[in-house]
Amino acid sequence: MQDYANAALLLTNYLVVPGIAYGCQLALGALGVTLIFSVLRFSNFAHGELMSAGTMFAIFATWGFQAMGLSFGPVPTALVALPFAILASIAVVLLTDKAIYRFYRIKRSDPVILLIVSIGVMFVMAGLIRFLIGPDDRTFNDGARFILKAREVKDYLGLSEGVTIKTSQAITVLVASIAAGLLFWFLEKTKTGKMMRAFSDNEDLALLSGINPERIVKLAWVLAAVLATIAGTLYGLDKSYKPFVFQQLLLPIFAAAIVGGLGNPLGAVIGGFVIAFSEVALTYAYTKFLAYTLPPAWVPDGLVQFLPTDYKFAISFVILVLILLYRPTGILRGKTL
Amino acid sequence: MSYLKGEGMTGGYGGADILHDCSISVDKGEIAVIVGPNGAGKSTAMKALFGMLNLREGAVTLGETDVTHLTPQARVEAGMSFVPQVRNVFPTMSVEENLEMGGVLRDGPLTETIEEVYELFPALREKRHQHAGELSGGQRQQVAVGRALMTRPKLLMLDEPTAGVSPVVMDELFDRIIEVARTGIAILMVEQNARQALEIADKGYVLVQGSNRFTDTGAALLADPDVRKSFLGG
């Protein structure tokens with residue numbers, strides 16, 4: 001019995017907790033991709049760099065607060081800095097839209113052209129970010145490290161396994177739930193949110209009903225910037241900030257959006273968790289778990305790891321291919337590419 | 001003097017002209033129907049009146065105002081409302097949300113107008129929380145017409161409202177359209193089901209190759225042997 005309890009704690013600690021936190025981060029990223037796709041009708045490859053830029057702004061603001069000698073106890077300074085970072089990101093997306101995307105929108109360019117344009121924006125932004133903050137790995141989480149320590153759980157339960165919950169993980173779940181909740185409330189209940197859905201559903205009819213397209217487009221960018229900044233900052237708090245990871249993060253984020261059903265916000269959230277849990281579960285080494293659950297003679301010698309962590313991006317890729325082959329509209333029916 | 005008047009409309013989608021000196025008018029409380037063979041420019045005439053294509057010549061007036069150079073959106077604000085033939089609902093939004101979207105240009109609560117639409121189409125009241133994309137063809141047309149009525153238009157334009165619905169549903173929809181006209185709204189319709197449409201029309205236009213061929217009351221056109229022979233199948 002004790003063995004099974006230990007096994008359960010082990011999985012909670014190494015699979016469930018990190019999976020939920022990572023899932024929240026992916027879900028926020030995928031929500032931004034899905035919103036831009038449903039309103040502007042192209043896959044925004046610059047979304048990863050937008051997350052990166054948002055995080056960079058959050059770090060700058062954090063440094064500013066720290067220079068002023070402000071700190072907020074167990075709460076990471078970056079969380080307080082988040083609103084400032086969001087404002088800066090909104091300025092960035094609105095300027096990019098005005099300077100670049102708008103031109104192609106007026107020309108009524110093909111979605112694939114806009115996609116390629118967004119790849120250009122991605123490279124320029126990536127360069128600017130490295131220029132502004134440098135390519136180094138940065139840790140900016142200055143709050144309390146843990147909410148729950150493994151040792152405390154072990155002592156309390158008298159078991160040999162414990163569960164660790166990092167402050168950053170708890171904050172991720174909390175902030176992501178609030179952000180996603182507000183987004184869904186906005187889309188479902190407010191007039192502007194409904195107009196946005198109407199525009200996404202049937203652009204021509206939205207125009208005939210008198211919905212102002214430029215306003216909806218601007219709003220989509222603002223929402224994407226808010227979500228990207230939150231997602232990036234939470235990811236950076238949880239791990240660390242490395243400018244180059246955001247280009248790699250594009251794959252799981254797009255996979256999440258497509259798996260859930262592109263253009264469907266609820267699907268983006270589901271997709272985020274599907275990808276996150278597949279990644280975590282397939283790269284986890286199950287030896288110790290099996291040692292608790294199987295009779296000693298049956299326990300294998302190896303790591304019992306399906307894939308080394310270095311290959312974790314291959315998982316989103318394979319899921320993406322499978323979904324595109326067998327259910328191209330995603331789990332909840334979205335649009336096909 | 002008719003409420004909506006398109007006079008001498010000539011133009012197309014950029015290349016060759018589709019409309020040649022085509023004139024269409026309708027007054028408040030009247031039902032005008034445009035019929036004609038395939039490719040006669042019926043839908044194009046409708047789009048020209050609504051500002052969805054550029055006219056090289058001719059003018060469109062609504063009431064006292066010249067709307068020739070207004071965008072479709074501005075024409076909606078001026079009191080025109082258009083129901084496209086296809087893709088005329090927001091499929092993943094509920095029936096009620098579809099109606100709300102019809103009224104976004106209006107200030108203040110929409111409940112009264114929504115209630116009026118439900119009175120006109122009682123079936124929609126039952127399905128108010130269902131997605132418009134999941135409704136039957138006839139009910140979807142009802143949502144489309146209801147959405148267009150939400151702006152409280154003075155002129156309702158319908159592009160083949162009965163395309164792809166059963167005869168029973170068609171009769172029902174025509175009855176509703178007559179009801180709408182009785183409230184003093186001008187109605188202009190393009191119809192494939194020429195005979196049935198002309199039966200309810202105060203005014204009928206037969207277009208051929210982008211120009212007016214016959215113009216008369218609906219009943220007179222139905223009685224006209226020429227029209228019967230060439231367009232109504234005897």
# chains A, B, ... in the order shown; residues from 1 in each chain; ligands from 1
call {"tool": "interface_residues", "arguments": {"of": "chain A", "to": "chain B", "cutoff": "12 Å", "atoms": "only C-alpha atoms", "output": "ChimeraX atom specification"}}
result
/A:187-213,263-264,333-335
call {"tool": "write_last_selection", "arguments": {"atoms": "N, CA and C atoms", "output": "mmCIF file, in the first residue's frame"}}
result
data_model
loop_
_atom_site.group_PDB
_atom_site.id
_atom_site.type_symbol
_atom_site.label_atom_id
_atom_site.label_comp_id
_atom_site.auth_asym_id
_atom_site.auth_seq_id
_atom_site.Cartn_x
_atom_site.Cartn_y
_atom_site.Cartn_z
ATOM 1 N N LEU A 187 -15.098 36.777 -24.868
ATOM 2 C CA LEU A 187 -15.568 36.292 -26.162
ATOM 3 C C LEU A 187 -17.034 35.871 -26.121
ATOM 4 N N GLU A 188 -17.468 35.345 -24.968
ATOM 5 C CA GLU A 188 -18.822 34.805 -24.905
ATOM 6 C C GLU A 188 -19.864 35.850 -24.512
ATOM 7 N N LYS A 189 -19.465 36.781 -23.638
ATOM 8 C CA LYS A 189 -20.492 37.613 -23.018
ATOM 9 C C LYS A 189 -20.521 39.066 -23.483
ATOM 10 N N THR A 190 -19.374 39.601 -23.896
ATOM 11 C CA THR A 190 -19.403 41.026 -24.225
ATOM 12 C C THR A 190 -19.749 41.218 -25.703
ATOM 13 N N LYS A 191 -20.266 42.399 -25.993
ATOM 14 C CA LYS A 191 -20.671 42.686 -27.368
ATOM 15 C C LYS A 191 -19.454 42.673 -28.293
ATOM 16 N N THR A 192 -18.358 43.296 -27.824
ATOM 17 C CA THR A 192 -17.148 43.348 -28.655
ATOM 18 C C THR A 192 -16.608 41.941 -28.899
ATOM 19 N N GLY A 193 -16.644 41.108 -27.861
ATOM 20 C CA GLY A 193 -16.164 39.740 -28.008
ATOM 21 C C GLY A 193 -16.999 38.973 -29.017
ATOM 22 N N LYS A 194 -18.311 39.183 -28.962
ATOM 23 C CA LYS A 194 -19.180 38.497 -29.918
ATOM 24 C C LYS A 194 -18.911 38.991 -31.330
ATOM 25 N N MET A 195 -18.637 40.304 -31.443
ATOM 26 C CA MET A 195 -18.323 40.837 -32.768
ATOM 27 C C MET A 195 -17.063 40.192 -33.316
ATOM 28 N N MET A 196 -16.122 39.933 -32.398
ATOM 29 C CA MET A 196 -14.889 39.293 -32.820
ATOM 30 C C MET A 196 -15.166 37.878 -33.330
ATOM 31 N N ARG A 197 -16.018 37.158 -32.601
ATOM 32 C CA ARG A 197 -16.360 35.805 -33.045
ATOM 33 C C ARG A 197 -17.117 35.850 -34.366
ATOM 34 N N ALA A 198 -18.005 36.841 -34.496
ATOM 35 C CA ALA A 198 -18.772 36.963 -35.737
ATOM 36 C C ALA A 198 -17.827 37.213 -36.904
ATOM 37 N N PHE A 199 -16.852 38.078 -36.683
ATOM 38 C CA PHE A 199 -15.891 38.401 -37.735
ATOM 39 C C PHE A 199 -15.110 37.156 -38.133
ATOM 40 N N SER A 200 -14.767 36.351 -37.132
ATOM 41 C CA SER A 200 -14.020 35.136 -37.405
ATOM 42 C C SER A 200 -14.888 34.107 -38.135
ATOM 43 N N ASP A 201 -16.165 34.081 -37.788
ATOM 44 C CA ASP A 201 -17.099 33.114 -38.363
ATOM 45 C C ASP A 201 -17.384 33.394 -39.827
ATOM 46 N N ASN A 202 -17.668 34.644 -40.164
ATOM 47 C CA ASN A 202 -18.116 34.995 -41.495
ATOM 48 C C ASN A 202 -17.794 36.463 -41.726
ATOM 49 N N GLU A 203 -16.626 36.698 -42.306
ATOM 50 C CA GLU A 203 -16.132 38.065 -42.438
ATOM 51 C C GLU A 203 -17.076 38.947 -43.269
ATOM 52 N N ASP A 204 -17.560 38.394 -44.403
ATOM 53 C CA ASP A 204 -18.398 39.207 -45.286
ATOM 54 C C ASP A 204 -19.681 39.640 -44.598
ATOM 55 N N LEU A 205 -20.286 38.679 -43.900
ATOM 56 C CA LEU A 205 -21.541 39.000 -43.229
ATOM 57 C C LEU A 205 -21.299 39.979 -42.080
ATOM 58 N N ALA A 206 -20.127 39.855 -41.436
ATOM 59 C CA ALA A 206 -19.798 40.795 -40.362
ATOM 60 C C ALA A 206 -19.713 42.213 -40.930
ATOM 61 N N LEU A 207 -19.114 42.327 -42.118
ATOM 62 C CA LEU A 207 -19.033 43.641 -42.749
ATOM 63 C C LEU A 207 -20.431 44.156 -43.077
ATOM 64 N N LEU A 208 -21.296 43.258 -43.602
ATOM 65 C CA LEU A 208 -22.665 43.655 -43.949
ATOM 66 C C LEU A 208 -23.446 44.074 -42.712
ATOM 67 N N SER A 209 -23.052 43.540 -41.544
ATOM 68 C CA SER A 209 -23.773 43.902 -40.319
ATOM 69 C C SER A 209 -23.230 45.195 -39.728
ATOM 70 N N GLY A 210 -22.167 45.717 -40.325
ATOM 71 C CA GLY A 210 -21.635 46.994 -39.852
ATOM 72 C C GLY A 210 -20.527 46.867 -38.821
ATOM 73 N N ILE A 211 -19.904 45.673 -38.722
ATOM 74 C CA ILE A 211 -18.785 45.501 -37.791
ATOM 75 C C ILE A 211 -17.531 46.105 -38.430
ATOM 76 N N ASN A 212 -16.825 46.914 -37.663
ATOM 77 C CA ASN A 212 -15.653 47.611 -38.193
ATOM 78 C C ASN A 212 -14.433 46.682 -38.182
ATOM 79 N N PRO A 213 -13.958 46.265 -39.359
ATOM 80 C CA PRO A 213 -12.899 45.253 -39.394
ATOM 81 C C PRO A 213 -11.586 45.722 -38.753
ATOM 82 N N GLY A 263 -8.382 28.035 -34.506
ATOM 83 C CA GLY A 263 -9.469 29.009 -34.504
ATOM 84 C C GLY A 263 -10.457 28.777 -33.378
ATOM 85 N N ASN A 264 -10.256 27.717 -32.616
ATOM 86 C CA ASN A 264 -11.173 27.417 -31.522
ATOM 87 C C ASN A 264 -10.452 27.625 -30.187
ATOM 88 N N ARG A 333 -13.804 20.787 -33.515
ATOM 89 C CA ARG A 333 -13.729 21.151 -34.921
ATOM 90 C C ARG A 333 -13.265 22.590 -35.147
ATOM 91 N N GLY A 334 -12.088 22.756 -35.684
ATOM 92 C CA GLY A 334 -11.603 24.082 -36.039
ATOM 93 C C GLY A 334 -11.548 24.204 -37.553
ATOM 94 N N LYS A 335 -10.747 25.148 -38.004
ATOM 95 C CA LYS A 335 -10.626 25.321 -39.456
ATOM 96 C C LYS A 335 -9.435 24.517 -39.952
#
call {"tool": "residues_around", "arguments": {"residues": "Ala219 of chain B", "least_positions_apart": "3", "cutoff": "10 Å", "atoms": "only C-alpha atoms", "output": "list in words"}}
result
Arg195, Leu198, Glu199, Ile200, Ala201, Asp202, Lys203, Gly204, Asp216, Leu222, Ala223 and Asp224 of chain B
call {"tool": "write_last_selection", "arguments": {"atoms": "C-alpha atoms", "output": "compact mmCIF listing (two decimals), in the first residue's frame"}}
result
# COMPACT_ATOMS: atom_id res chain seq x y z
CA ARG B 195 -43.59 31.86 -60.83
CA LEU B 198 -44.10 36.85 -59.12
CA GLU B 199 -47.34 35.73 -57.47
CA ILE B 200 -46.47 37.73 -54.37
CA ALA B 201 -44.75 40.58 -56.22
CA ASP B 202 -46.21 44.04 -56.54
CA LYS B 203 -43.63 44.67 -59.18
CA GLY B 204 -41.57 42.33 -61.30
CA ASP B 216 -44.74 45.25 -64.87
CA LEU B 222 -47.53 36.13 -65.07
CA ALA B 223 -50.31 36.77 -67.56
CA ASP B 224 -48.02 38.01 -70.32
call {"tool": "residues_around", "arguments": {"residues": "Ala194 of chain B", "least_positions_apart": "3", "cutoff": "10 Å", "atoms": "only C-alpha atoms", "output": "mmCIF file with N, CA and C atoms, in the first residue's frame"}}
result
data_model
loop_
_atom_site.group_PDB
_atom_site.id
_atom_site.type_symbol
_atom_site.label_atom_id
_atom_site.label_comp_id
_atom_site.auth_asym_id
_atom_site.auth_seq_id
_atom_site.Cartn_x
_atom_site.Cartn_y
_atom_site.Cartn_z
ATOM 1 N N VAL B 33 -39.622 41.959 -57.343
ATOM 2 C CA VAL B 33 -38.900 40.716 -57.576
ATOM 3 C C VAL B 33 -38.142 40.816 -58.894
ATOM 4 N N ILE B 34 -36.874 40.413 -58.842
ATOM 5 C CA ILE B 34 -36.082 40.366 -60.070
ATOM 6 C C ILE B 34 -35.979 38.908 -60.483
ATOM 7 N N VAL B 35 -36.456 38.592 -61.711
ATOM 8 C CA VAL B 35 -36.320 37.226 -62.212
ATOM 9 C C VAL B 35 -35.586 37.284 -63.540
ATOM 10 N N GLY B 36 -35.281 36.119 -64.048
ATOM 11 C CA GLY B 36 -34.578 36.074 -65.324
ATOM 12 C C GLY B 36 -33.764 34.810 -65.414
ATOM 13 N N PRO B 37 -33.262 34.506 -66.615
ATOM 14 C CA PRO B 37 -32.497 33.265 -66.769
ATOM 15 C C PRO B 37 -31.163 33.336 -66.029
ATOM 16 N N VAL B 190 -34.287 38.749 -55.371
ATOM 17 C CA VAL B 190 -33.913 38.033 -56.587
ATOM 18 C C VAL B 190 -34.431 36.623 -56.406
ATOM 19 N N GLU B 191 -35.112 36.075 -57.406
ATOM 20 C CA GLU B 191 -35.682 34.740 -57.209
ATOM 21 C C GLU B 191 -35.467 33.827 -58.400
ATOM 22 N N ALA B 197 -42.592 33.569 -57.004
ATOM 23 C CA ALA B 197 -42.160 34.883 -56.541
ATOM 24 C C ALA B 197 -43.012 35.974 -57.178
ATOM 25 N N LEU B 198 -43.301 35.812 -58.445
ATOM 26 C CA LEU B 198 -44.102 36.849 -59.117
ATOM 27 C C LEU B 198 -45.523 36.890 -58.555
ATOM 28 N N GLU B 199 -45.995 35.743 -58.057
ATOM 29 C CA GLU B 199 -47.337 35.725 -57.469
ATOM 30 C C GLU B 199 -47.462 36.673 -56.284
ATOM 31 N N GLY B 204 -42.533 43.330 -60.869
ATOM 32 C CA GLY B 204 -41.569 42.330 -61.296
ATOM 33 C C GLY B 204 -40.646 42.878 -62.366
ATOM 34 N N VAL B 206 -37.990 41.492 -65.278
ATOM 35 C CA VAL B 206 -37.344 40.379 -65.951
ATOM 36 C C VAL B 206 -36.066 40.922 -66.573
ATOM 37 N N GLY B 218 -46.475 42.023 -60.851
ATOM 38 C CA GLY B 218 -46.243 40.582 -60.840
ATOM 39 C C GLY B 218 -47.332 39.844 -61.601
ATOM 40 N N LEU B 222 -47.102 37.526 -65.048
ATOM 41 C CA LEU B 222 -47.525 36.126 -65.068
ATOM 42 C C LEU B 222 -48.517 35.883 -66.198
ATOM 43 N N PHE B 231 -39.797 32.536 -70.022
ATOM 44 C CA PHE B 231 -39.165 32.416 -68.701
ATOM 45 C C PHE B 231 -39.902 31.527 -67.726
ATOM 46 N N LEU B 232 -41.176 31.285 -67.965
ATOM 47 C CA LEU B 232 -41.907 30.527 -66.956
ATOM 48 C C LEU B 232 -42.270 29.141 -67.449
#
call {"tool": "select_by_dssp", "arguments": {"residues": "segment 6-171 of chain B", "states": "helix (DSSP H, G or I)", "output": "PyMOL selection string"}}
result
chain B and resi 42-50+72-78+95-102+111-120+122-126+132-134+137-149+167-171
call {"tool": "write_last_selection", "arguments": {"atoms": "C-alpha atoms", "output": "mmCIF file, in the first residue's frame"}}
result
data_model
loop_
_atom_site.group_PDB
_atom_site.id
_atom_site.type_symbol
_atom_site.label_atom_id
_atom_site.label_comp_id
_atom_site.auth_asym_id
_atom_site.auth_seq_id
_atom_site.Cartn_x
_atom_site.Cartn_y
_atom_site.Cartn_z
ATOM 1 C CA LYS B 42 -29.925 39.400 -61.271
ATOM 2 C CA SER B 43 -27.572 39.064 -58.308
ATOM 3 C CA THR B 44 -25.227 41.583 -59.885
ATOM 4 C CA ALA B 45 -28.031 44.140 -60.080
ATOM 5 C CA MET B 46 -28.718 43.516 -56.408
ATOM 6 C CA LYS B 47 -25.058 43.926 -55.517
ATOM 7 C CA ALA B 48 -24.894 47.128 -57.576
ATOM 8 C CA LEU B 49 -27.806 48.555 -55.611
ATOM 9 C CA PHE B 50 -26.040 47.652 -52.390
ATOM 10 C CA PRO B 72 -22.180 48.831 -48.233
ATOM 11 C CA GLN B 73 -21.599 49.535 -44.514
ATOM 12 C CA ALA B 74 -22.711 53.128 -44.934
ATOM 13 C CA ARG B 75 -25.776 51.939 -46.832
ATOM 14 C CA VAL B 76 -26.666 49.702 -43.894
ATOM 15 C CA GLU B 77 -26.592 52.774 -41.696
ATOM 16 C CA ALA B 78 -28.733 54.591 -44.258
ATOM 17 C CA VAL B 95 -29.412 32.073 -33.152
ATOM 18 C CA GLU B 96 -29.775 34.848 -30.617
ATOM 19 C CA GLU B 97 -26.163 35.952 -31.062
ATOM 20 C CA ASN B 98 -26.731 36.041 -34.820
ATOM 21 C CA LEU B 99 -29.602 38.424 -34.256
ATOM 22 C CA GLU B 100 -27.526 40.522 -31.855
ATOM 23 C CA MET B 101 -24.815 40.812 -34.501
ATOM 24 C CA GLY B 102 -27.408 42.138 -36.915
ATOM 25 C CA THR B 111 -34.549 42.856 -26.882
ATOM 26 C CA GLU B 112 -37.613 44.420 -28.458
ATOM 27 C CA THR B 113 -36.447 43.862 -32.020
ATOM 28 C CA ILE B 114 -35.300 40.332 -31.180
ATOM 29 C CA GLU B 115 -38.766 39.718 -29.779
ATOM 30 C CA GLU B 116 -40.303 40.974 -33.054
ATOM 31 C CA VAL B 117 -38.136 38.579 -35.042
ATOM 32 C CA TYR B 118 -39.231 35.701 -32.784
ATOM 33 C CA GLU B 119 -42.873 36.706 -33.355
ATOM 34 C CA LEU B 120 -42.260 36.584 -37.086
ATOM 35 C CA PRO B 122 -41.592 31.375 -33.861
ATOM 36 C CA ALA B 123 -39.337 28.411 -34.670
ATOM 37 C CA LEU B 124 -36.294 30.552 -33.941
ATOM 38 C CA ARG B 125 -37.409 31.246 -30.396
ATOM 39 C CA GLU B 126 -37.176 27.545 -29.576
ATOM 40 C CA ALA B 132 -27.063 28.685 -36.516
ATOM 41 C CA GLY B 133 -24.873 26.254 -38.462
ATOM 42 C CA GLU B 134 -26.775 23.303 -37.004
ATOM 43 C CA GLY B 137 -31.866 25.151 -44.486
ATOM 44 C CA GLY B 138 -35.217 26.868 -44.026
ATOM 45 C CA GLN B 139 -34.512 27.871 -40.438
ATOM 46 C CA ARG B 140 -31.108 29.144 -41.427
ATOM 47 C CA GLN B 141 -32.796 31.401 -44.000
ATOM 48 C CA GLN B 142 -35.083 32.612 -41.222
ATOM 49 C CA VAL B 143 -32.047 33.479 -39.109
ATOM 50 C CA ALA B 144 -30.524 35.271 -42.087
ATOM 51 C CA VAL B 145 -33.674 37.325 -42.674
ATOM 52 C CA GLY B 146 -34.010 37.952 -38.949
ATOM 53 C CA ARG B 147 -30.430 39.186 -38.733
ATOM 54 C CA ALA B 148 -31.071 41.602 -41.597
ATOM 55 C CA LEU B 149 -34.221 42.897 -39.877
ATOM 56 C CA PRO B 167 -41.566 24.005 -51.538
ATOM 57 C CA VAL B 168 -43.407 23.971 -48.215
ATOM 58 C CA VAL B 169 -40.667 26.000 -46.561
ATOM 59 C CA MET B 170 -40.595 28.313 -49.564
ATOM 60 C CA ASP B 171 -44.333 29.120 -49.283
#
call {"tool": "residues_around", "arguments": {"residues": "Phe146 of chain A", "least_positions_apart": "5", "cutoff": "12 Å", "atoms": "only C-alpha atoms", "output": "ChimeraX atom specification"}}
result
/A:74-76,141,151-152,163-171,238
call {"tool": "residues_around", "arguments": {"residues": "segment 45-51 of chain A", "least_positions_apart": "3", "cutoff": "8 Å", "atoms": "only C-alpha atoms", "output": "count of residues only"}}
result
25
call {"tool": "closest_residue", "arguments": {"among": "A:Cys24, A:Ile90, A:Ile319, A:Val245", "to": "Ser177 of chain A", "atoms": "only C-alpha atoms"}}
result
A:Cys24
call {"tool": "residues_around", "arguments": {"residues": "segment 62-65 of chain B", "least_positions_apart": "4", "cutoff": "12 Å", "atoms": "only C-alpha atoms", "output": "list in words"}}
result
Met1, Ser2, Tyr3, Leu4, Lys5, Gly6, Glu7, Ile24, Ser25, Val26, Asp27, Lys28, Leu49, Phe50, His69, Leu70, Arg75, Val76, Glu77, Ala78, Gly79, Met80, Pro153, Lys154, Leu155 and Ala186 of chain B
call {"tool": "write_last_selection", "arguments": {"atoms": "C-alpha atoms", "output": "PDB file, in the first residue's frame"}}
result
ATOM      1  CA  MET B   1     -41.121  58.600 -56.738  1.00  0.00           C
ATOM      2  CA  SER B   2     -39.969  55.262 -55.416  1.00  0.00           C
ATOM      3  CA  TYR B   3     -38.067  54.828 -52.166  1.00  0.00           C
ATOM      4  CA  LEU B   4     -35.130  52.960 -53.689  1.00  0.00           C
ATOM      5  CA  LYS B   5     -34.227  53.806 -57.220  1.00  0.00           C
ATOM      6  CA  GLY B   6     -31.378  52.456 -59.304  1.00  0.00           C
ATOM      7  CA  GLU B   7     -31.332  54.212 -62.649  1.00  0.00           C
ATOM      8  CA  ILE B  24     -34.816  48.936 -60.698  1.00  0.00           C
ATOM      9  CA  SER B  25     -36.984  50.657 -58.136  1.00  0.00           C
ATOM     10  CA  VAL B  26     -39.128  49.698 -55.188  1.00  0.00           C
ATOM     11  CA  ASP B  27     -41.338  51.649 -52.825  1.00  0.00           C
ATOM     12  CA  LYS B  28     -42.006  51.209 -49.119  1.00  0.00           C
ATOM     13  CA  LEU B  49     -27.806  48.555 -55.611  1.00  0.00           C
ATOM     14  CA  PHE B  50     -26.040  47.652 -52.390  1.00  0.00           C
ATOM     15  CA  HIS B  69     -20.861  56.336 -53.796  1.00  0.00           C
ATOM     16  CA  LEU B  70     -21.512  54.966 -50.314  1.00  0.00           C
ATOM     17  CA  ARG B  75     -25.776  51.939 -46.832  1.00  0.00           C
ATOM     18  CA  VAL B  76     -26.666  49.702 -43.894  1.00  0.00           C
ATOM     19  CA  GLU B  77     -26.592  52.774 -41.696  1.00  0.00           C
ATOM     20  CA  ALA B  78     -28.733  54.591 -44.258  1.00  0.00           C
ATOM     21  CA  GLY B  79     -31.471  51.948 -43.870  1.00  0.00           C
ATOM     22  CA  MET B  80     -30.658  49.212 -46.371  1.00  0.00           C
ATOM     23  CA  PRO B 153     -34.148  48.614 -42.163  1.00  0.00           C
ATOM     24  CA  LYS B 154     -36.439  50.535 -44.469  1.00  0.00           C
ATOM     25  CA  LEU B 155     -35.368  48.350 -47.359  1.00  0.00           C
ATOM     26  CA  ALA B 186     -39.607  47.903 -49.031  1.00  0.00           C
TER      27      ALA B 186
END
call {"tool": "decode", "arguments": {"residues": "segment 148-186 of chain A", "atoms": "C-alpha atoms", "output": "mmCIF file, in the first residue's frame"}}
result
data_model
loop_
_atom_site.group_PDB
_atom_site.id
_atom_site.type_symbol
_atom_site.label_atom_id
_atom_site.label_comp_id
_atom_site.auth_asym_id
_atom_site.auth_seq_id
_atom_site.Cartn_x
_atom_site.Cartn_y
_atom_site.Cartn_z
ATOM 1 C CA LEU A 148 5.418 23.058 -1.037
ATOM 2 C CA LYS A 149 8.725 21.265 -0.479
ATOM 3 C CA ALA A 150 9.208 17.564 -1.010
ATOM 4 C CA ARG A 151 10.766 17.186 2.438
ATOM 5 C CA GLU A 152 7.720 18.702 4.177
ATOM 6 C CA VAL A 153 5.397 16.319 2.370
ATOM 7 C CA LYS A 154 7.630 13.367 3.178
ATOM 8 C CA ASP A 155 7.747 14.250 6.862
ATOM 9 C CA TYR A 156 4.033 14.910 7.019
ATOM 10 C CA LEU A 157 2.972 11.697 5.306
ATOM 11 C CA GLY A 158 5.847 9.569 6.558
ATOM 12 C CA LEU A 159 6.551 8.321 3.034
ATOM 13 C CA SER A 160 9.768 8.215 1.075
ATOM 14 C CA GLU A 161 8.435 10.284 -1.853
ATOM 15 C CA GLY A 162 7.249 13.888 -1.701
ATOM 16 C CA VAL A 163 5.701 16.500 -3.928
ATOM 17 C CA THR A 164 7.358 19.793 -4.738
ATOM 18 C CA ILE A 165 5.313 22.713 -5.953
ATOM 19 C CA LYS A 166 7.345 25.685 -7.092
ATOM 20 C CA THR A 167 5.910 29.149 -6.570
ATOM 21 C CA SER A 168 6.319 29.734 -10.300
ATOM 22 C CA GLN A 169 4.162 26.689 -11.028
ATOM 23 C CA ALA A 170 1.397 27.833 -8.709
ATOM 24 C CA ILE A 171 1.559 31.334 -10.157
ATOM 25 C CA THR A 172 1.446 29.903 -13.682
ATOM 26 C CA VAL A 173 -1.730 27.963 -12.994
ATOM 27 C CA LEU A 174 -3.350 30.870 -11.185
ATOM 28 C CA VAL A 175 -2.486 33.577 -13.705
ATOM 29 C CA ALA A 176 -3.216 31.368 -16.707
ATOM 30 C CA SER A 177 -6.625 30.403 -15.315
ATOM 31 C CA ILE A 178 -7.496 34.037 -14.699
ATOM 32 C CA ALA A 179 -6.284 35.120 -18.143
ATOM 33 C CA ALA A 180 -8.070 32.293 -19.962
ATOM 34 C CA GLY A 181 -11.213 32.811 -17.868
ATOM 35 C CA LEU A 182 -11.306 36.508 -18.690
ATOM 36 C CA LEU A 183 -10.705 35.784 -22.357
ATOM 37 C CA PHE A 184 -13.586 33.315 -22.517
ATOM 38 C CA TRP A 185 -15.847 35.688 -20.637
ATOM 39 C CA PHE A 186 -14.914 38.445 -23.078
#
